[in-house]
Amino acid sequence: MFVLNELQQDTLLEIFNIGVGKAAAALSKMTAEEVLLSVPTLEFLEWEEARQHLPCEGKIICGISQRFEGPFTTEAVLMFPEDKTIEFIRYILQVDSLFAQLTEMEQEGLCEIGNIILNACMAPIADIFSAEFHATMPEFRMGTSEHVLSFDAAQANRVIMLMLVKLQLEKRETEGYLAFLSVLPDMQRLSANIDRFISELQK
Amino acid sequence: MITPKTVLIVDDSRLSRMIIKALILEKYPDWIMLEAINGDQTISMMDSIPEPDLITLDVNMPGMDGLSLVTTIRNHWASVPIVVITANVQGSVSRKCAELKVGFVEKPIDAATIDKALTFME
């Protein structure tokens with residue numbers, strides 16, 4: 001089982017904390033509300049076990065997903081429960097709508113919002129590693145958290161790094177999550193980058 | 001009489017184009033807003049429109065990315081002011097913008113972002 005030592009884990013969490021902070025700042029700017037952040041959780045799990053740790057269990061959620069390739073590869077997902085997502089995007093777009101479900105334009109708007117927040121998160125991480133990420137176009141997904149995080153049977157035997165951060169918008173009584181998933185070869189590259197970063201700091 | 005200015009907004013996101021257009025028109029209601037959804041559409045528009053007073057460009061778009069598009073635009077309009085308005089706020093992107101001598105403004109877009117973008121017209 002892949003493990004990071006204590007210093008590597010601490011460094012990784014701190015690096016992601018910086019990124020998540022920037023993401024929260026971007027979300028706060030868009031919603032005109034303070035965003036409360038949880039301490040990120042970091043786990044290395046096989047997929048079967050990871051399923052038990054996914055947020056928003058049993059709920060239908062809306063997620064925006066992007067794959068970032070660079071100093072390591074990760075799938076980053078911003079997700080909120082469906083009802084809160086609808087409320088949230090209509091506030092940002094300043095539209096009243098009678099539709100109970102997201103319209104195509106609202107989904108598109110969500111993709112852009114997700115794009116901004118996920119890139120705001122990953123940019124400082126790229127800068128810290130003195131590298132560059134290339135991101136896929138943001139993709140809208142809706143369903144259970146398993147579907148949104150695109151866990152599937154093909155990953156059943158894989159070790160996955162799952163990092164989760166809870167985002168809370170108090171006034172809107174909304175809780176969302178940022179999730180980051182990487183598989184084993186990507187985690188090894190991440191580990192090498194963390195080690196390089198630590199050794200640079202120690203010079 | 002002051003001629004209204006023309007701004008070409010290049011962004012694959014309809015939301016971003018809407019916001020940029022709305023915020024500029026709020027300040028300058030008589031300005032002319034043109035839109036393109038990607039690099040290819042921008043290129044095909046260049047032969048049929050007069051040189052704009054400002055071009056805003058997203059970076060991450062399907063097909064040609066915004067930074068590659070800068071070179072193509074400059075071959076057609078050598079000195080048109082260009083400002084990148086992007087969610088891709090990595091240091092590498094802001095450095096490339098500086099090398100290309102184009103402005104760099106971060107999303108999310110608000111009135112302050114637009115004010116900053118419009119300074120690149122001068």
# chains A, B, ... in the order shown; residues from 1 in each chain; ligands from 1
>>> residues_around(residues="Gly39 (chain B)", least_positions_apart="4", cutoff="8 Å", atoms="only C-alpha atoms", output="number ranges by chain")
B: 10, 43, 61, 63-66, 69
>>> write_last_selection(atoms="all heavy atoms", output="compact mmCIF listing (two decimals), in the first residue's frame")
# COMPACT_ATOMS: atom_id res chain seq x y z
N VAL B 10 -13.37 37.24 -26.41
CA VAL B 10 -13.14 35.87 -26.88
C VAL B 10 -13.12 34.95 -25.66
O VAL B 10 -12.21 35.02 -24.83
CB VAL B 10 -11.81 35.75 -27.65
CG1 VAL B 10 -11.64 34.33 -28.19
CG2 VAL B 10 -11.73 36.77 -28.78
N ILE B 43 -10.45 34.10 -35.62
CA ILE B 43 -9.68 34.22 -36.87
C ILE B 43 -10.61 34.49 -38.05
O ILE B 43 -10.32 35.34 -38.90
CB ILE B 43 -8.85 32.93 -37.10
CG1 ILE B 43 -7.74 32.85 -36.04
CG2 ILE B 43 -8.23 32.92 -38.49
CD1 ILE B 43 -7.08 31.49 -35.93
N MET B 61 -9.36 27.30 -23.87
CA MET B 61 -10.54 27.17 -24.73
C MET B 61 -10.36 25.91 -25.57
O MET B 61 -9.21 25.51 -25.84
CB MET B 61 -10.66 28.38 -25.67
CG MET B 61 -10.87 29.70 -24.97
SD MET B 61 -11.15 31.06 -26.12
CE MET B 61 -9.50 31.35 -26.74
N GLY B 63 -9.73 23.79 -28.76
CA GLY B 63 -8.99 24.18 -29.97
C GLY B 63 -7.79 25.04 -29.58
O GLY B 63 -7.08 24.74 -28.64
N MET B 64 -7.60 26.12 -30.28
CA MET B 64 -6.45 27.00 -30.04
C MET B 64 -6.60 27.71 -28.70
O MET B 64 -7.63 28.32 -28.43
CB MET B 64 -6.35 28.03 -31.17
CG MET B 64 -5.08 28.85 -31.13
SD MET B 64 -5.09 30.22 -32.32
CE MET B 64 -4.85 29.34 -33.85
N ASP B 65 -5.55 27.65 -27.88
CA ASP B 65 -5.64 28.36 -26.60
C ASP B 65 -5.38 29.85 -26.81
O ASP B 65 -4.85 30.27 -27.84
CB ASP B 65 -4.66 27.77 -25.57
CG ASP B 65 -3.22 28.11 -25.89
OD1 ASP B 65 -2.76 29.23 -25.58
OD2 ASP B 65 -2.56 27.25 -26.49
N GLY B 66 -5.75 30.64 -25.81
CA GLY B 66 -5.69 32.10 -25.95
C GLY B 66 -4.29 32.63 -26.22
O GLY B 66 -4.11 33.58 -26.98
N LEU B 69 -3.35 32.18 -29.71
CA LEU B 69 -4.17 33.08 -30.53
C LEU B 69 -3.58 34.49 -30.59
O LEU B 69 -3.73 35.20 -31.59
CB LEU B 69 -5.60 33.11 -29.96
CG LEU B 69 -6.66 33.92 -30.68
CD1 LEU B 69 -6.79 33.47 -32.14
CD2 LEU B 69 -8.00 33.76 -29.96
>>> interface_residues(of="chain B", to="chain A", cutoff="8 Å", atoms="only C-alpha atoms", output="JSON, numbers by chain")
{"B": [13, 14, 15, 16, 60, 61, 62, 87, 88, 89, 90, 91, 92, 107, 108]}
>>> write_last_selection(atoms="N, CA, C and O atoms", output="mmCIF file, in the first residue's frame")
data_model
loop_
_atom_site.group_PDB
_atom_site.id
_atom_site.type_symbol
_atom_site.label_atom_id
_atom_site.label_comp_id
_atom_site.auth_asym_id
_atom_site.auth_seq_id
_atom_site.Cartn_x
_atom_site.Cartn_y
_atom_site.Cartn_z
ATOM 1 N N SER B 13 -16.829 30.429 -22.630
ATOM 2 C CA SER B 13 -17.885 30.412 -21.620
ATOM 3 C C SER B 13 -18.904 31.509 -21.890
ATOM 4 O O SER B 13 -18.568 32.704 -21.883
ATOM 5 N N ARG B 14 -20.147 31.075 -22.101
ATOM 6 C CA ARG B 14 -21.198 32.064 -22.345
ATOM 7 C C ARG B 14 -21.372 32.964 -21.118
ATOM 8 O O ARG B 14 -21.603 34.157 -21.228
ATOM 9 N N LEU B 15 -21.240 32.380 -19.936
ATOM 10 C CA LEU B 15 -21.382 33.150 -18.699
ATOM 11 C C LEU B 15 -20.349 34.266 -18.639
ATOM 12 O O LEU B 15 -20.668 35.417 -18.339
ATOM 13 N N SER B 16 -19.110 33.921 -18.947
ATOM 14 C CA SER B 16 -18.049 34.938 -18.892
ATOM 15 C C SER B 16 -18.269 36.028 -19.928
ATOM 16 O O SER B 16 -18.074 37.210 -19.636
ATOM 17 N N ASN B 60 -7.810 29.022 -21.564
ATOM 18 C CA ASN B 60 -8.189 27.618 -21.789
ATOM 19 C C ASN B 60 -9.486 27.547 -22.574
ATOM 20 O O ASN B 60 -10.577 27.728 -22.023
ATOM 21 N N MET B 61 -9.358 27.301 -23.867
ATOM 22 C CA MET B 61 -10.535 27.170 -24.727
ATOM 23 C C MET B 61 -10.356 25.914 -25.572
ATOM 24 O O MET B 61 -9.213 25.515 -25.836
ATOM 25 N N PRO B 62 -11.449 25.319 -26.028
ATOM 26 C CA PRO B 62 -11.287 24.182 -26.943
ATOM 27 C C PRO B 62 -10.589 24.641 -28.215
ATOM 28 O O PRO B 62 -10.795 25.760 -28.687
ATOM 29 N N ALA B 87 -9.221 32.109 -15.764
ATOM 30 C CA ALA B 87 -9.220 31.383 -14.485
ATOM 31 C C ALA B 87 -7.874 30.701 -14.264
ATOM 32 O O ALA B 87 -7.548 30.290 -13.156
ATOM 33 N N ASN B 88 -7.092 30.567 -15.336
ATOM 34 C CA ASN B 88 -5.799 29.897 -15.257
ATOM 35 C C ASN B 88 -4.758 30.876 -14.732
ATOM 36 O O ASN B 88 -4.065 31.555 -15.489
ATOM 37 N N VAL B 89 -4.702 30.934 -13.397
ATOM 38 C CA VAL B 89 -3.948 32.021 -12.763
ATOM 39 C C VAL B 89 -2.563 31.572 -12.318
ATOM 40 O O VAL B 89 -1.973 32.135 -11.407
ATOM 41 N N GLN B 90 -2.050 30.543 -12.975
ATOM 42 C CA GLN B 90 -0.705 30.087 -12.652
ATOM 43 C C GLN B 90 0.324 31.161 -13.005
ATOM 44 O O GLN B 90 0.136 31.913 -13.967
ATOM 45 N N GLY B 91 1.429 31.174 -12.256
ATOM 46 C CA GLY B 91 2.509 32.115 -12.529
ATOM 47 C C GLY B 91 3.019 31.991 -13.959
ATOM 48 O O GLY B 91 3.371 32.985 -14.602
ATOM 49 N N SER B 92 3.049 30.762 -14.475
ATOM 50 C CA SER B 92 3.553 30.539 -15.832
ATOM 51 C C SER B 92 2.706 31.295 -16.858
ATOM 52 O O SER B 92 3.222 31.797 -17.865
ATOM 53 N N LYS B 107 -9.860 35.835 -13.330
ATOM 54 C CA LYS B 107 -11.274 35.604 -13.007
ATOM 55 C C LYS B 107 -11.335 35.231 -11.529
ATOM 56 O O LYS B 107 -10.332 34.776 -10.981
ATOM 57 N N PRO B 108 -12.442 35.352 -10.805
ATOM 58 C CA PRO B 108 -13.778 35.745 -11.271
ATOM 59 C C PRO B 108 -13.854 37.212 -11.663
ATOM 60 O O PRO B 108 -13.143 38.062 -11.118
#
>>> residues_around(residues="Pro81 (chain B)", least_positions_apart="2", cutoff="9 Å", atoms="only C-alpha atoms", output="list in words")
Pro52, Asp53, Leu54, Ile55, Thr56, Ser79, Val83, Val102, Gly103, Phe120, Met121 and Glu122 of chain B
>>> select_by_dssp(residues="region 71-201 of chain A", states="strand (DSSP E)", output="mmCIF file with N, CA and C atoms, in the first residue's frame")
data_model
loop_
_atom_site.group_PDB
_atom_site.id
_atom_site.type_symbol
_atom_site.label_atom_id
_atom_site.label_comp_id
_atom_site.auth_asym_id
_atom_site.auth_seq_id
_atom_site.Cartn_x
_atom_site.Cartn_y
_atom_site.Cartn_z
ATOM 1 N N THR A 73 -0.783 14.107 -11.551
ATOM 2 C CA THR A 73 -2.091 14.132 -12.223
ATOM 3 C C THR A 73 -3.170 13.909 -11.185
ATOM 4 N N THR A 74 -4.181 14.714 -11.240
ATOM 5 C CA THR A 74 -5.288 14.535 -10.319
ATOM 6 C C THR A 74 -6.591 14.925 -10.991
ATOM 7 N N GLU A 75 -7.643 14.257 -10.584
ATOM 8 C CA GLU A 75 -8.963 14.702 -10.988
ATOM 9 C C GLU A 75 -9.505 15.537 -9.834
ATOM 10 N N ALA A 76 -9.840 16.771 -10.147
ATOM 11 C CA ALA A 76 -10.356 17.689 -9.131
ATOM 12 C C ALA A 76 -11.846 17.887 -9.388
ATOM 13 N N VAL A 77 -12.630 17.808 -8.334
ATOM 14 C CA VAL A 77 -14.078 17.912 -8.473
ATOM 15 C C VAL A 77 -14.628 18.876 -7.423
ATOM 16 N N LEU A 78 -15.446 19.799 -7.889
ATOM 17 C CA LEU A 78 -16.186 20.688 -6.984
ATOM 18 C C LEU A 78 -17.612 20.189 -6.970
ATOM 19 N N MET A 79 -18.182 19.932 -5.799
ATOM 20 C CA MET A 79 -19.530 19.384 -5.803
ATOM 21 C C MET A 79 -20.407 19.959 -4.682
ATOM 22 N N PHE A 80 -21.682 20.058 -5.031
ATOM 23 C CA PHE A 80 -22.698 20.533 -4.092
ATOM 24 C C PHE A 80 -23.947 19.690 -4.274
ATOM 25 N N PRO A 81 -24.763 19.570 -3.218
ATOM 26 C CA PRO A 81 -26.045 18.878 -3.402
ATOM 27 C C PRO A 81 -26.866 19.585 -4.484
ATOM 28 N N HIS A 134 -1.727 21.320 -17.025
ATOM 29 C CA HIS A 134 -2.636 21.468 -18.157
ATOM 30 C C HIS A 134 -3.945 20.822 -17.751
ATOM 31 N N ALA A 135 -5.004 21.573 -17.912
ATOM 32 C CA ALA A 135 -6.304 21.101 -17.435
ATOM 33 C C ALA A 135 -7.217 20.758 -18.604
ATOM 34 N N GLU A 139 -16.141 19.621 -16.864
ATOM 35 C CA GLU A 139 -17.255 18.745 -17.243
ATOM 36 C C GLU A 139 -18.298 18.739 -16.129
ATOM 37 N N PHE A 140 -19.541 18.919 -16.517
ATOM 38 C CA PHE A 140 -20.643 18.887 -15.549
ATOM 39 C C PHE A 140 -21.109 17.449 -15.372
ATOM 40 N N ARG A 141 -21.295 17.040 -14.123
ATOM 41 C CA ARG A 141 -21.829 15.701 -13.859
ATOM 42 C C ARG A 141 -22.889 15.801 -12.773
ATOM 43 N N MET A 142 -23.864 14.928 -12.854
ATOM 44 C CA MET A 142 -24.898 14.916 -11.819
ATOM 45 C C MET A 142 -25.240 13.480 -11.477
ATOM 46 N N GLY A 143 -25.411 13.209 -10.194
ATOM 47 C CA GLY A 143 -25.751 11.854 -9.777
ATOM 48 C C GLY A 143 -25.290 11.639 -8.355
ATOM 49 N N VAL A 159 -5.370 1.610 -5.888
ATOM 50 C CA VAL A 159 -5.229 2.456 -4.703
ATOM 51 C C VAL A 159 -5.447 3.886 -5.164
ATOM 52 N N ILE A 160 -6.249 4.553 -4.413
ATOM 53 C CA ILE A 160 -6.619 5.922 -4.775
ATOM 54 C C ILE A 160 -6.232 6.852 -3.638
ATOM 55 N N MET A 161 -5.694 8.001 -3.997
ATOM 56 C CA MET A 161 -5.513 9.051 -3.002
ATOM 57 C C MET A 161 -6.765 9.919 -3.061
ATOM 58 N N LEU A 162 -7.418 10.051 -1.936
ATOM 59 C CA LEU A 162 -8.642 10.850 -1.880
ATOM 60 C C LEU A 162 -8.433 11.972 -0.866
ATOM 61 N N MET A 163 -8.482 13.181 -1.365
ATOM 62 C CA MET A 163 -8.394 14.334 -0.468
ATOM 63 C C MET A 163 -9.732 15.069 -0.536
ATOM 64 N N LEU A 164 -10.278 15.394 0.617
ATOM 65 C CA LEU A 164 -11.579 16.061 0.659
ATOM 66 C C LEU A 164 -11.500 17.303 1.524
ATOM 67 N N VAL A 165 -12.130 18.356 1.062
ATOM 68 C CA VAL A 165 -12.251 19.577 1.846
ATOM 69 C C VAL A 165 -13.712 19.998 1.801
ATOM 70 N N LYS A 166 -14.272 20.303 2.952
ATOM 71 C CA LYS A 166 -15.662 20.774 2.986
ATOM 72 C C LYS A 166 -15.678 22.299 2.891
ATOM 73 N N LEU A 167 -16.565 22.801 2.049
ATOM 74 C CA LEU A 167 -16.748 24.250 1.909
ATOM 75 C C LEU A 167 -18.139 24.585 2.435
ATOM 76 N N GLN A 168 -18.207 25.572 3.339
ATOM 77 C CA GLN A 168 -19.522 25.922 3.881
ATOM 78 C C GLN A 168 -19.865 27.366 3.594
ATOM 79 N N LEU A 169 -21.049 27.555 3.036
ATOM 80 C CA LEU A 169 -21.569 28.904 2.860
ATOM 81 C C LEU A 169 -22.701 29.034 3.871
ATOM 82 N N THR A 174 -25.327 26.058 2.837
ATOM 83 C CA THR A 174 -24.865 25.156 1.778
ATOM 84 C C THR A 174 -23.513 24.576 2.156
ATOM 85 N N GLU A 175 -23.401 23.274 1.938
ATOM 86 C CA GLU A 175 -22.120 22.593 2.126
ATOM 87 C C GLU A 175 -21.732 21.948 0.824
ATOM 88 N N GLY A 176 -20.529 22.211 0.394
ATOM 89 C CA GLY A 176 -20.035 21.529 -0.799
ATOM 90 C C GLY A 176 -18.694 20.914 -0.477
ATOM 91 N N TYR A 177 -18.117 20.293 -1.481
ATOM 92 C CA TYR A 177 -16.829 19.648 -1.272
ATOM 93 C C TYR A 177 -15.921 19.890 -2.466
ATOM 94 N N LEU A 178 -14.652 19.971 -2.150
ATOM 95 C CA LEU A 178 -13.612 19.845 -3.171
ATOM 96 C C LEU A 178 -12.993 18.468 -2.963
ATOM 97 N N ALA A 179 -12.908 17.709 -4.028
ATOM 98 C CA ALA A 179 -12.301 16.382 -3.932
ATOM 99 C C ALA A 179 -11.174 16.281 -4.949
ATOM 100 N N PHE A 180 -10.135 15.603 -4.559
ATOM 101 C CA PHE A 180 -8.981 15.391 -5.442
ATOM 102 C C PHE A 180 -8.671 13.910 -5.434
ATOM 103 N N LEU A 181 -8.633 13.321 -6.618
ATOM 104 C CA LEU A 181 -8.346 11.896 -6.699
ATOM 105 C C LEU A 181 -7.127 11.663 -7.577
ATOM 106 N N SER A 182 -6.233 10.822 -7.087
ATOM 107 C CA SER A 182 -5.097 10.415 -7.903
ATOM 108 C C SER A 182 -4.933 8.910 -7.759
ATOM 109 N N VAL A 183 -4.396 8.273 -8.776
ATOM 110 C CA VAL A 183 -4.105 6.844 -8.709
ATOM 111 C C VAL A 183 -2.605 6.647 -8.545
#
>>> select_by_dssp(residues="region 12-95 of chain A", states="helix (DSSP H, G or I)", output="ChimeraX atom specification")
/A:12-31,47-53,82-93
>>> atom_distance(atom1="CA of Leu34 (chain B)", atom2="CA of Ile19 (chain B)")
13.2 Å
>>> closest_residue(among="A:Thr103, A:Gln94, A:Ser145, A:Gln188", to="Pro55 (chain A)", atoms="only C-alpha atoms")
A:Ser145
>>> atom_distance(atom1="CA of Gln107 (chain A)", atom2="CA of Ala22 (chain B)")
20.0 Å
